[in-house]
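Novice: Sharing query.txt (compact mmCIF, C-alpha atoms) below.
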```
# COMPACT_ATOMS: atom_id res chain seq x y z
CA MET W 294 101.83 114.36 71.72
CA GLU W 295 99.38 115.76 74.10
CA ARG W 296 99.51 115.10 77.72
CA ARG W 297 97.62 112.17 78.99
CA GLN W 298 96.49 111.58 82.46
CA ALA W 299 96.00 108.14 83.79
CA LYS W 300 94.23 108.10 87.08
CA ILE W 301 94.49 104.98 89.09
CA HIS W 302 92.02 104.38 91.77
CA VAL W 303 92.72 102.48 94.89
CA PHE W 304 91.03 99.18 94.91
CA VAL W 305 89.70 98.82 98.42
CA LEU W 306 88.95 95.32 99.48
CA ILE W 307 85.54 94.62 100.84
CA GLY W 308 83.78 96.23 103.67
CA LEU W 309 84.25 96.63 107.33
CA ILE W 310 85.83 93.27 107.86
CA LEU W 311 88.89 94.05 105.85
CA LEU W 312 89.11 97.73 106.56
CA ASN W 313 92.79 97.57 107.30
CA SER W 314 93.87 95.92 104.16
CA ILE W 315 94.29 98.58 101.57
CA ASN W 316 95.83 96.52 98.88
CA GLN W 317 96.72 98.62 95.98
CA ILE W 318 98.88 97.47 93.16
CA SER W 319 99.33 99.34 89.98
CA SER W 320 102.03 98.27 87.64
CA LEU W 321 102.20 99.49 84.14
CA SER W 322 104.58 100.62 81.58
CA VAL W 323 103.86 103.67 79.57
CA THR W 324 105.50 105.09 76.51
CA VAL W 325 106.67 108.52 77.48
CA ASN W 326 107.08 110.98 74.68
CA ASP W 327 107.05 114.11 76.73
CA GLU W 328 105.39 113.68 80.07
CA GLU W 329 103.15 111.00 81.43
CA CYS W 330 101.37 111.21 84.71
CA VAL W 331 99.72 108.59 86.79
CA GLN W 332 97.46 109.51 89.65
CA GLU W 333 97.09 107.44 92.72
CA TYR W 334 94.82 108.00 95.64
CA VAL W 335 96.24 107.67 99.12
CA LEU W 336 93.54 107.03 101.67
CA TYR W 337 95.31 107.58 104.94
CA GLU W 338 97.82 110.11 106.07
CA GLY W 339 101.05 108.42 107.06
CA ASP W 340 100.75 105.59 104.57
CA THR W 341 103.98 104.39 103.09
CA VAL W 342 104.00 104.77 99.34
CA SER W 343 106.68 102.64 97.74
CA GLY W 344 107.50 101.70 94.24
CA ASN W 345 110.03 101.36 91.52
CA PHE W 346 110.37 102.03 87.86
CA VAL W 347 112.61 100.83 85.09
CA VAL W 348 113.10 102.35 81.69
CA VAL W 349 112.77 99.56 79.16
CA ASP W 350 114.56 101.41 76.51
CA HIS W 351 114.46 101.22 72.82
CA ASP W 352 117.68 100.42 71.06
CA ILE W 353 120.61 102.57 71.97
CA PHE W 354 123.70 102.01 69.96
CA TRP W 355 126.26 104.46 71.12
CA GLY W 356 125.46 105.39 74.68
CA SER W 357 126.67 103.31 77.57
CA ASP W 358 123.43 103.54 79.45
CA HIS W 359 120.09 105.10 78.97
CA PRO W 360 120.13 108.87 79.61
CA GLY W 361 117.13 108.33 81.82
CA LEU W 362 113.88 109.99 82.65
CA ASP W 363 112.94 112.46 85.35
CA PHE W 364 110.49 111.28 87.92
CA THR W 365 108.53 113.54 90.27
CA VAL W 366 105.91 112.86 92.87
CA THR W 367 103.52 115.69 93.63
CA SER W 368 101.32 115.74 96.68
CA PRO W 369 97.68 116.88 96.52
CA ALA W 370 98.77 120.19 98.00
CA GLY W 371 100.97 120.79 94.98
CA ASN W 372 104.41 120.52 96.49
CA ILE W 373 106.89 118.02 95.23
CA VAL W 374 107.42 115.15 97.57
CA GLN W 375 110.13 113.28 95.76
CA THR W 376 112.12 113.68 92.61
CA LEU W 377 114.64 111.57 90.78
CA LYS W 378 116.47 112.93 87.80
CA GLY W 379 118.10 111.25 84.86
CA THR W 380 117.88 107.68 86.07
CA SER W 381 117.16 104.63 84.03
CA GLY W 382 115.49 102.85 86.90
CA ASP W 383 115.20 103.30 90.61
CA LYS W 384 113.21 102.52 93.72
CA PHE W 385 111.46 105.07 95.86
CA GLU W 386 109.63 105.18 99.13
CA PHE W 387 108.08 107.91 101.17
CA LYS W 388 105.57 108.49 103.88
CA ALA W 389 102.55 110.36 102.64
CA PRO W 390 102.21 113.60 104.57
CA ARG W 391 98.52 113.77 103.85
CA SER W 392 95.82 111.81 102.14
CA GLY W 393 94.59 112.64 98.68
CA MET W 394 95.45 112.23 95.05
CA TYR W 395 99.15 111.96 94.44
CA LYS W 396 100.59 112.44 91.00
CA PHE W 397 103.53 110.38 89.74
CA CYS W 398 104.98 111.96 86.64
CA PHE W 399 107.61 110.81 84.20
CA HIS W 400 109.26 113.42 82.06
CA ASN W 401 111.29 112.58 79.01
CA PRO W 402 113.86 115.28 78.25
CA TYR W 403 114.83 113.69 74.95
CA SER W 404 112.93 113.34 71.77
CA THR W 405 112.92 109.56 71.49
CA PRO W 406 109.91 107.88 73.06
CA GLU W 407 110.78 105.61 75.94
CA THR W 408 108.82 102.95 77.70
CA VAL W 409 108.72 103.02 81.45
CA SER W 410 107.55 100.10 83.48
CA PHE W 411 106.61 101.06 86.99
CA TYR W 412 104.99 99.72 90.09
CA ILE W 413 103.40 101.72 92.88
CA HIS W 414 102.14 100.36 96.14
CA VAL W 415 100.35 102.19 98.91
CA GLY W 416 100.53 100.34 102.17
CA HIS W 417 98.65 101.01 105.32
CA ILE W 418 99.36 99.54 108.70
CA PRO W 419 96.76 100.24 111.35
CA ASN W 420 98.26 101.98 114.33
CA GLU W 421 97.09 102.44 117.91
CA HIS W 422 94.76 105.23 116.95
CA ASP W 423 92.88 102.91 114.62
CA LEU W 424 92.93 100.23 117.26
CA ALA W 425 91.30 102.53 119.73
CA LYS W 426 88.65 103.60 117.26
CA ASP W 427 87.43 100.17 116.28
CA GLU W 428 86.85 97.49 118.83
CA HIS W 429 86.78 94.77 116.18
CA LEU W 430 90.45 95.35 115.58
CA ASP W 431 92.88 93.00 117.18
CA PRO W 432 96.58 93.61 117.70
CA VAL W 433 96.91 90.48 115.60
CA ASN W 434 95.51 92.43 112.69
CA VAL W 435 98.35 94.87 113.05
CA LYS W 436 100.83 92.02 112.84
CA ILE W 437 99.05 90.60 109.85
CA ALA W 438 99.11 93.99 108.19
CA GLU W 439 102.83 94.25 108.83
CA LEU W 440 103.31 90.79 107.36
CA ARG W 441 101.36 91.79 104.34
CA GLU W 442 103.41 94.91 103.86
CA ALA W 443 106.60 92.88 104.11
CA LEU W 444 105.30 90.48 101.49
CA GLU W 445 104.33 93.36 99.28
CA SER W 446 107.84 94.69 99.49
CA VAL W 447 109.08 91.31 98.28
CA VAL W 448 106.60 91.46 95.42
CA ALA W 449 107.75 94.98 94.58
CA GLU W 450 111.37 93.85 94.53
CA GLN W 451 110.45 90.95 92.27
CA LYS W 452 108.72 93.21 89.84
CA TYR W 453 111.72 95.51 89.77
CA LEU W 454 114.08 92.62 89.12
CA LYS W 455 111.80 91.29 86.44
CA ALA W 456 111.65 94.62 84.65
CA ARG W 457 115.42 94.90 84.79
CA ASP W 458 115.78 91.38 83.54
CA THR W 459 113.55 92.22 80.60
CA ARG W 460 115.69 95.17 79.77
CA HIS W 461 118.89 93.16 79.99
CA ARG W 462 117.42 90.55 77.73
CA HIS W 463 116.49 93.20 75.27
CA THR W 464 120.00 94.61 75.32
CA ASN W 465 121.58 91.18 74.97
CA GLU W 466 119.43 90.15 72.06
CA SER W 467 120.14 93.41 70.33
CA THR W 468 123.87 92.98 70.95
CA ARG W 469 123.79 89.51 69.48
CA LYS W 470 121.97 90.62 66.39
CA ARG W 471 124.28 93.52 65.86
CA VAL W 472 127.40 91.40 66.32
CA ILE W 473 126.29 88.96 63.66
CA PHE W 474 125.08 91.66 61.34
CA TYR W 475 128.22 93.76 61.56
CA THR W 476 130.55 90.79 61.22
CA VAL W 477 128.87 89.42 58.14
CA GLY W 478 128.78 92.94 56.76
CA GLU W 479 132.47 93.24 57.42
CA TYR W 480 133.17 90.05 55.43
CA MET W 481 131.21 91.25 52.49
CA PHE W 482 132.83 94.64 52.60
CA LEU W 483 136.27 93.08 52.69
CA ALA W 484 135.49 90.81 49.76
CA ALA W 485 134.02 93.69 47.80
CA ALA W 486 137.00 95.94 48.47
CA SER W 487 139.37 93.23 47.39
CA GLY W 488 137.34 92.52 44.28
CA LEU W 489 137.31 96.18 43.37
CA GLN W 490 141.05 96.34 43.85
CA VAL W 491 141.56 93.41 41.50
CA LEU W 492 139.25 94.88 38.91
CA TYR W 493 141.06 98.17 39.02
CA ILE W 494 144.43 96.56 38.54
CA ARG W 495 143.13 94.49 35.67
CA LYS W 496 141.76 97.61 34.07
CA LEU W 497 145.13 99.28 34.38
CA PHE W 498 146.71 96.43 32.44
CA SER W 499 144.00 95.96 29.88
CA LYS W 500 144.64 96.16 26.16
CA SER W 501 142.73 99.36 25.68
CA VAL W 502 145.29 101.14 27.78
CA ALA W 503 148.82 101.40 26.62
CA TYR W 504 151.36 99.54 28.67
CA ASN W 505 153.44 102.63 29.18
CA ARG W 506 150.82 104.27 31.30
CA VAL W 507 151.43 102.07 34.25
CA MET Y 277 92.08 103.12 60.34
CA ASP Y 278 91.04 106.29 62.03
CA LEU Y 279 92.82 109.37 60.77
CA HIS Y 280 92.47 111.08 64.09
CA ARG Y 281 94.34 108.33 65.75
CA SER Y 282 97.55 110.25 65.64
CA SER Y 283 98.78 109.39 69.06
CA ILE Y 284 98.52 106.02 70.62
CA ILE Y 285 99.87 105.36 73.98
CA LEU Y 286 100.73 101.82 74.60
CA LEU Y 287 100.39 100.92 78.17
CA ILE Y 288 102.25 97.78 78.64
CA LEU Y 289 102.14 95.78 81.70
CA SER Y 290 105.54 94.25 81.86
CA ILE Y 291 104.81 92.15 84.81
CA LEU Y 292 103.97 88.55 84.30
CA SER Y 293 102.95 87.79 87.83
CA PRO Y 294 99.35 88.09 88.90
CA VAL Y 295 98.46 91.70 88.94
CA THR Y 296 95.51 93.87 89.78
CA ILE Y 297 94.97 96.79 87.54
CA SER Y 298 92.30 99.09 88.68
CA MET Y 299 92.78 102.31 86.94
CA ARG Y 300 91.19 105.23 85.30
CA TYR Y 301 92.54 106.96 82.33
CA GLU Y 302 91.38 109.57 79.93
CA LEU Y 303 90.72 109.10 76.28
CA THR Y 304 90.01 111.82 73.76
CA SER Y 305 87.62 111.16 70.90
CA GLY Y 306 89.04 109.15 68.10
CA HIS Y 307 92.15 108.14 69.96
CA THR Y 308 93.15 104.71 71.11
CA LYS Y 309 94.85 103.56 74.22
CA CYS Y 310 96.03 100.04 74.63
CA ILE Y 311 96.99 98.13 77.71
CA SER Y 312 98.84 94.92 77.35
CA GLU Y 313 99.62 92.44 79.99
CA GLU Y 314 101.78 89.39 79.93
CA ILE Y 315 99.73 86.42 81.07
CA HIS Y 316 100.87 82.90 81.81
CA ALA Y 317 99.33 79.96 80.02
CA ASN Y 318 96.28 78.53 81.76
CA ALA Y 319 95.82 81.60 83.91
CA LEU Y 320 92.38 83.02 84.38
CA SER Y 321 91.91 86.65 83.50
CA VAL Y 322 88.93 88.84 84.28
CA GLY Y 323 88.31 92.38 83.15
CA LYS Y 324 85.65 95.01 83.76
CA TYR Y 325 85.48 98.35 82.05
CA SER Y 326 83.10 101.27 82.12
CA VAL Y 327 82.95 104.86 81.08
CA VAL Y 328 82.90 107.01 84.16
CA ASN Y 329 79.83 109.17 84.52
CA HIS Y 330 80.83 112.49 85.99
CA ASN Y 331 77.26 113.65 86.23
CA GLU Y 332 76.10 113.58 89.79
CA ASP Y 333 72.45 113.21 89.01
CA HIS Y 334 72.93 110.03 86.97
CA HIS Y 335 71.80 111.42 83.66
CA PRO Y 336 72.48 108.94 80.92
CA LEU Y 337 75.75 109.46 79.17
CA PRO Y 338 75.63 111.20 75.82
CA SER Y 339 76.16 109.02 72.79
CA SER Y 340 79.60 110.51 72.33
CA HIS Y 341 80.74 108.71 75.44
CA LYS Y 342 81.08 105.29 73.97
CA VAL Y 343 84.09 103.14 73.43
CA THR Y 344 85.10 100.30 71.20
CA VAL Y 345 86.93 97.56 72.98
CA ARG Y 346 89.06 94.78 71.65
CA VAL Y 347 90.95 92.20 73.67
CA SER Y 348 93.40 90.19 71.62
CA SER Y 349 95.91 87.44 72.23
CA PRO Y 350 99.59 87.58 71.27
CA GLN Y 351 98.70 85.83 68.02
CA GLY Y 352 96.09 88.44 67.24
CA THR Y 353 92.91 86.43 67.78
CA ALA Y 354 90.24 88.44 69.53
CA TYR Y 355 89.02 87.17 72.85
CA HIS Y 356 86.51 89.93 73.37
CA GLU Y 357 85.13 92.60 71.12
CA ALA Y 358 82.55 95.28 71.71
CA ASP Y 359 81.57 98.28 69.65
CA GLY Y 360 80.12 101.48 70.98
CA VAL Y 361 79.39 100.39 74.51
CA GLU Y 362 79.60 102.18 77.79
CA SER Y 363 80.57 99.28 79.98
CA GLY Y 364 81.19 95.60 79.89
CA GLN Y 365 83.27 92.77 81.12
CA PHE Y 366 85.20 89.82 79.83
CA SER Y 367 86.94 86.79 81.17
CA PHE Y 368 89.07 84.18 79.54
CA THR Y 369 91.63 81.53 80.24
CA ALA Y 370 94.86 82.24 78.50
CA ILE Y 371 95.93 79.49 76.14
CA ASP Y 372 99.53 80.51 75.77
CA THR Y 373 101.96 82.77 77.54
CA GLY Y 374 102.39 86.15 76.01
CA ASP Y 375 101.25 89.74 75.73
CA TYR Y 376 97.52 90.12 75.77
CA ILE Y 377 96.40 93.52 74.57
CA SER Y 378 93.17 95.28 75.33
CA CYS Y 379 92.55 98.39 73.31
CA PHE Y 380 90.04 101.12 73.95
CA THR Y 381 89.03 103.45 71.18
CA ALA Y 382 86.84 106.42 71.93
CA VAL Y 383 84.08 106.85 69.40
CA ASP Y 384 84.81 109.70 67.06
CA HIS Y 385 82.91 112.85 67.85
CA LYS Y 386 83.26 116.51 67.03
CA PRO Y 387 84.04 118.55 69.12
CA GLU Y 388 86.61 116.33 70.75
CA THR Y 389 85.49 115.14 74.12
CA THR Y 390 87.56 113.47 76.76
CA LEU Y 391 86.22 110.40 78.41
CA THR Y 392 87.41 108.77 81.57
CA ILE Y 393 87.44 105.02 81.50
CA ASP Y 394 87.55 102.88 84.58
CA PHE Y 395 89.29 99.61 83.82
CA ASP Y 396 89.79 96.76 86.20
CA TRP Y 397 91.84 93.86 84.89
CA ARG Y 398 92.88 91.00 87.09
CA THR Y 399 94.85 87.91 86.35
CA GLY Y 400 95.96 84.89 88.27
CA ILE Y 401 95.36 84.79 91.98
CA HIS Y 402 93.63 88.16 92.04
CA THR Y 403 90.67 86.79 90.16
CA LYS Y 404 89.72 84.93 93.30
CA ASP Y 405 86.70 86.62 94.75
CA TRP Y 406 87.39 86.91 98.44
CA SER Y 407 84.06 88.50 99.19
CA THR Y 408 82.25 85.25 98.52
CA VAL Y 409 84.74 83.43 100.67
CA ALA Y 410 84.58 85.94 103.50
CA LYS Y 411 82.58 85.11 106.56
CA LYS Y 412 81.29 87.41 109.20
CA SER Y 413 82.85 86.11 112.39
CA GLN Y 414 86.04 87.47 113.83
CA VAL Y 415 88.21 84.39 113.75
CA GLU Y 416 87.46 83.57 110.19
CA THR Y 417 88.38 87.09 109.19
CA MET Y 418 91.89 86.35 110.29
CA GLU Y 419 91.75 83.03 108.56
CA ILE Y 420 90.96 84.77 105.32
CA GLU Y 421 93.75 87.25 105.85
CA VAL Y 422 96.19 84.45 106.45
CA LYS Y 423 94.87 82.57 103.43
CA LYS Y 424 95.49 85.63 101.32
CA LEU Y 425 99.00 85.86 102.67
CA PHE Y 426 99.49 82.22 101.78
CA ASP Y 427 98.32 82.85 98.24
CA THR Y 428 100.65 85.79 97.97
CA VAL Y 429 103.57 83.74 99.18
CA ASN Y 430 102.76 81.03 96.65
CA SER Y 431 102.66 83.51 93.85
CA ILE Y 432 105.99 84.94 94.96
CA HIS Y 433 107.41 81.44 94.90
CA GLU Y 434 106.15 80.79 91.38
CA GLU Y 435 107.46 84.11 90.27
CA MET Y 436 110.91 83.20 91.58
CA PHE Y 437 110.86 80.04 89.49
CA TYR Y 438 109.90 82.02 86.46
CA LEU Y 439 112.64 84.56 87.05
CA ARG Y 440 115.15 81.80 87.54
CA ASP Y 441 114.16 80.19 84.25
CA ARG Y 442 114.46 83.44 82.45
CA GLU Y 443 117.85 84.10 83.98
CA GLU Y 444 118.97 80.72 82.77
CA GLU Y 445 117.77 81.48 79.25
CA MET Y 446 119.65 84.73 79.28
CA HIS Y 447 122.74 83.00 80.59
CA ASN Y 448 122.58 80.52 77.71
CA LEU Y 449 122.02 83.34 75.27
CA ASN Y 450 125.07 85.18 76.55
CA ILE Y 451 127.25 82.09 76.37
CA SER Y 452 126.16 81.40 72.84
CA THR Y 453 126.77 85.03 71.86
CA ASN Y 454 130.22 84.80 73.40
CA SER Y 455 131.14 81.65 71.53
CA LYS Y 456 129.63 83.01 68.36
CA MET Y 457 131.78 86.10 68.63
CA ALA Y 458 134.93 84.03 69.10
CA TRP Y 459 133.99 81.83 66.16
CA LEU Y 460 133.17 84.82 63.99
CA SER Y 461 136.47 86.52 64.69
CA PHE Y 462 138.34 83.37 63.61
CA VAL Y 463 136.25 83.24 60.47
CA SER Y 464 137.00 86.91 59.96
CA LEU Y 465 140.71 86.19 60.11
CA ALA Y 466 140.26 83.29 57.68
CA VAL Y 467 138.22 85.45 55.32
CA CYS Y 468 140.87 88.15 55.41
CA LEU Y 469 143.69 85.73 54.65
CA SER Y 470 141.77 83.91 51.96
CA VAL Y 471 140.75 87.12 50.24
CA ALA Y 472 144.31 88.33 50.28
CA GLY Y 473 145.52 84.95 49.01
CA LEU Y 474 142.95 84.87 46.21
CA GLN Y 475 143.86 88.37 45.18
CA PHE Y 476 147.50 87.48 45.09
CA TRP Y 477 146.96 84.28 43.14
CA HIS Y 478 144.62 85.88 40.67
CA LEU Y 479 146.90 88.79 39.96
CA LYS Y 480 149.88 86.49 39.59
CA THR Y 481 148.16 84.31 36.99
CA PHE Y 482 146.82 87.42 35.32
CA PHE Y 483 150.25 88.94 34.93
CA GLN Y 484 151.73 85.63 33.86
CA LYS Y 485 149.12 85.42 31.19
CA LYS Y 486 149.90 88.89 30.11
CA LYS Y 487 153.52 87.84 30.01
CA LEU Y 488 154.54 90.70 32.24
CA ILE Y 489 156.19 88.45 34.78
```
Give the structure from this file in structure tokens form.
Specialist:
Amino acid sequence: MERRQAKIHVFVLIGLILLNSINQISSLSVTVNDEECVQEYVLYEGDTVSGNFVVVDHDIFWGSDHPGLDFTVTSPAGNIVQTLKGTSGDKFEFKAPRSGMYKFCFHNPYSTPETVSFYIHVGHIPNEHDLAKDEHLDPVNVKIAELREALESVVAEQKYLKARDTRHRHTNESTRKRVIFYTVGEYMFLAAASGLQVLYIRKLFSKSVAYNRV
Amino acid sequence: MDLHRSSIILLILSILSPVTISMRYELTSGHTKCISEEIHANALSVGKYSVVNHNEDHHPLPSSHKVTVRVSSPQGTAYHEADGVESGQFSFTAIDTGDYISCFTAVDHKPETTLTIDFDWRTGIHTKDWSTVAKKSQVETMEIEVKKLFDTVNSIHEEMFYLRDREEEMHNLNISTNSKMAWLSFVSLAVCLSVAGLQFWHLKTFFQKKKLI
């Protein structure tokens, strides 16, 4: 499967009035066969990029937990900012060293396709430098921005919990189905084995076979 | 269906809460990419899509840069369909809760070209157009900011209810699985004993008939 690039643009809310409110939410889940990358644009240096991802796995029968995917974040300069290996779901947060297009890549080391559900948020809080530059900016705006970032972290946590809940549901439903299926299969197998036993013994004692043989 | 459609990436939005998707992704000719999003019943959903024009001098896009779009409900009914267009938009009110899928298929063309599609899909509170609500004066700017925070808090609250309901469903499911397992193991024991008993009884009558016992 060839590589696909999904570029996500920052959605910047309108104009000069709301220049401090970079509200960017991108939450998707992607089926990763080999490697899937998502690109996100960070407008300001020093922005906090936070997010989480959960592997909503396909059915695993024997393993205790999903082997996991590898997750790497690459800065526009090309160096790797953050990496998480072999996890089935985790949160991450880092301060962007510079502005530009950051790449968030999921790599699947195994052959089975997996679905990853992730959420990335780029948050910007205006600091004193911005306050000095723009006289329309109030210190209140800074507080509001901080409030908004705090709320966004709650939203991020909710999305993480929801994705995990989905996965647990999936596992539970699969467990239930398998329990019923295997148990009923066990009954039938038992009955069949017993029936075969009886048939065999009857055959041993049938008229076509001499009694001495037994 | 299209033979070239050998690889389909399903982009699933597993989040039910109101979400803004503003993204660009690439599509090679003949291939399909689908995005699905779980939408609550009675939630408004608005989407805008367009093929990105990389030409700086605004030449019209070649005819190979067209997409076929289809937005369908969890039952499969199509809410929006467009063939061979460069851009468009759709909006609908979801009738029932479930996965709504919007699929983009790049029009087949040889040699294979790669298009970039800009797709903006909003549901729930994010469909509210703050720019029409925004005023110019300073104080009302803050009012709008606080209003947005209020909306966000409300959506968090609703989301918590939803999560709680789902947790309860899962709890019930687990309890029922637990009791089912206990019940099934008793039945398994009963099946085992009855099979053994039947075997025994059948063989006994069989041998008695054969006058071996």
Novice: Which value, in Å to one decimal, gives the distance between CA of Gly379 in chain W and CA of Val447 in chain W?
Specialist: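 That distance, rounded to one decimal, is 25.7 Å.
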Novice: For range 457-470 of chain W, list every protein, DNA or RNA residue within 6 Å, evaluated using only C-alpha atoms, and leave out those in the same chain fewer than 3 positions away; present the list as a short mmCIF file (atom, residue, chain, number, x, y, z; two decimals) with C-alpha atoms, in the coordinates of the input.
Specialist:
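Done, and the output landed in selection.cif:
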```
data_model
loop_
_atom_site.label_atom_id
_atom_site.label_comp_id
_atom_site.auth_asym_id
_atom_site.auth_seq_id
_atom_site.Cartn_x
_atom_site.Cartn_y
_atom_site.Cartn_z
CA VAL W 349 112.77 99.56 79.16
CA LEU W 454 114.08 92.62 89.12
CA ILE W 473 126.29 88.96 63.66
CA THR Y 453 126.77 85.03 71.86
#
```
Novice: Have a look at CA of Lys378 in chain W and CA of Gly416 in chain W and let me know their distance in Å, one decimal.
Specialist: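 Interatomic distance here is 24.9 Å.
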Novice: What residues have an atom no more than 6 Å from (86.1, 102.2, 81.9) in the file's own frame, counting only C-alpha atoms, and can you write them as a list in words?
Specialist: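 Taken together, the residues in range are Tyr325, Ser326, Val327, Ile393, Asp394 and Phe395 of chain Y.
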Novice: Take the residues just selected and output them with C-alpha atoms as a short mmCIF file (atom, residue, chain, number, x, y, z; two decimals), in the frame of the given file.
Specialist:
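The resulting out14.cif:
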```cif
data_model
loop_
_atom_site.label_atom_id
_atom_site.label_comp_id
_atom_site.auth_asym_id
_atom_site.auth_seq_id
_atom_site.Cartn_x
_atom_site.Cartn_y
_atom_site.Cartn_z
CA TYR Y 325 85.48 98.35 82.05
CA SER Y 326 83.10 101.27 82.12
CA VAL Y 327 82.95 104.86 81.08
CA ILE Y 393 87.44 105.02 81.50
CA ASP Y 394 87.55 102.88 84.58
CA PHE Y 395 89.29 99.61 83.82
#
```
Novice: Using all atoms listed in the file, which of Y:Tyr376, Y:Tyr355, Y:Phe366, Y:Phe483 sits nearest chain W?
Specialist: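 Among Y:Tyr376, Y:Tyr355, Y:Phe366, Y:Phe483, it is Y:Phe483 that comes nearest to chain W.
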Novice: Y:Glu313, Y:Asp375, Y:Glu357, Y:Glu388: which is nearest chain W, counting all atoms listed in the file?
Specialist: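 Checking each of Y:Glu313, Y:Asp375, Y:Glu357, Y:Glu388 against chain W, counting all atoms listed in the file, the winner is Y:Glu313.
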Novice: Using the file's own x, y and z axes, what box holds all listed atoms of range 465-472 of chain Y with 3 Å on each side, keeping edges along x, y and z, and what are its centre and edge lengths in Å to one decimal, as lines of an AutoDock Vina configuration file?
Specialist:
```
center_x = 141.3
center_y = 85.8
center_z = 55.2
size_x = 12.1
size_y = 11.0
size_z = 15.9
```
Novice: Residues within 12 Å of Glu421 in chain W, please, as an MDAnalysis selection string. Count all atoms listed in the file; anything in the same chain fewer than 2 positions from it doesn't count.
Specialist: chainID W and resid 418:419 423:428 430:432 434:435
Novice: Residues at most 12 Å from Phe397 in chain W, counting only C-alpha atoms, excluding those fewer than 3 positions away in the same chain, as a PyMOL selection string?
Specialist: chain W and resi 298-301+319+328-334+342-346+363-369+371+373-377+385+394+400+411-414
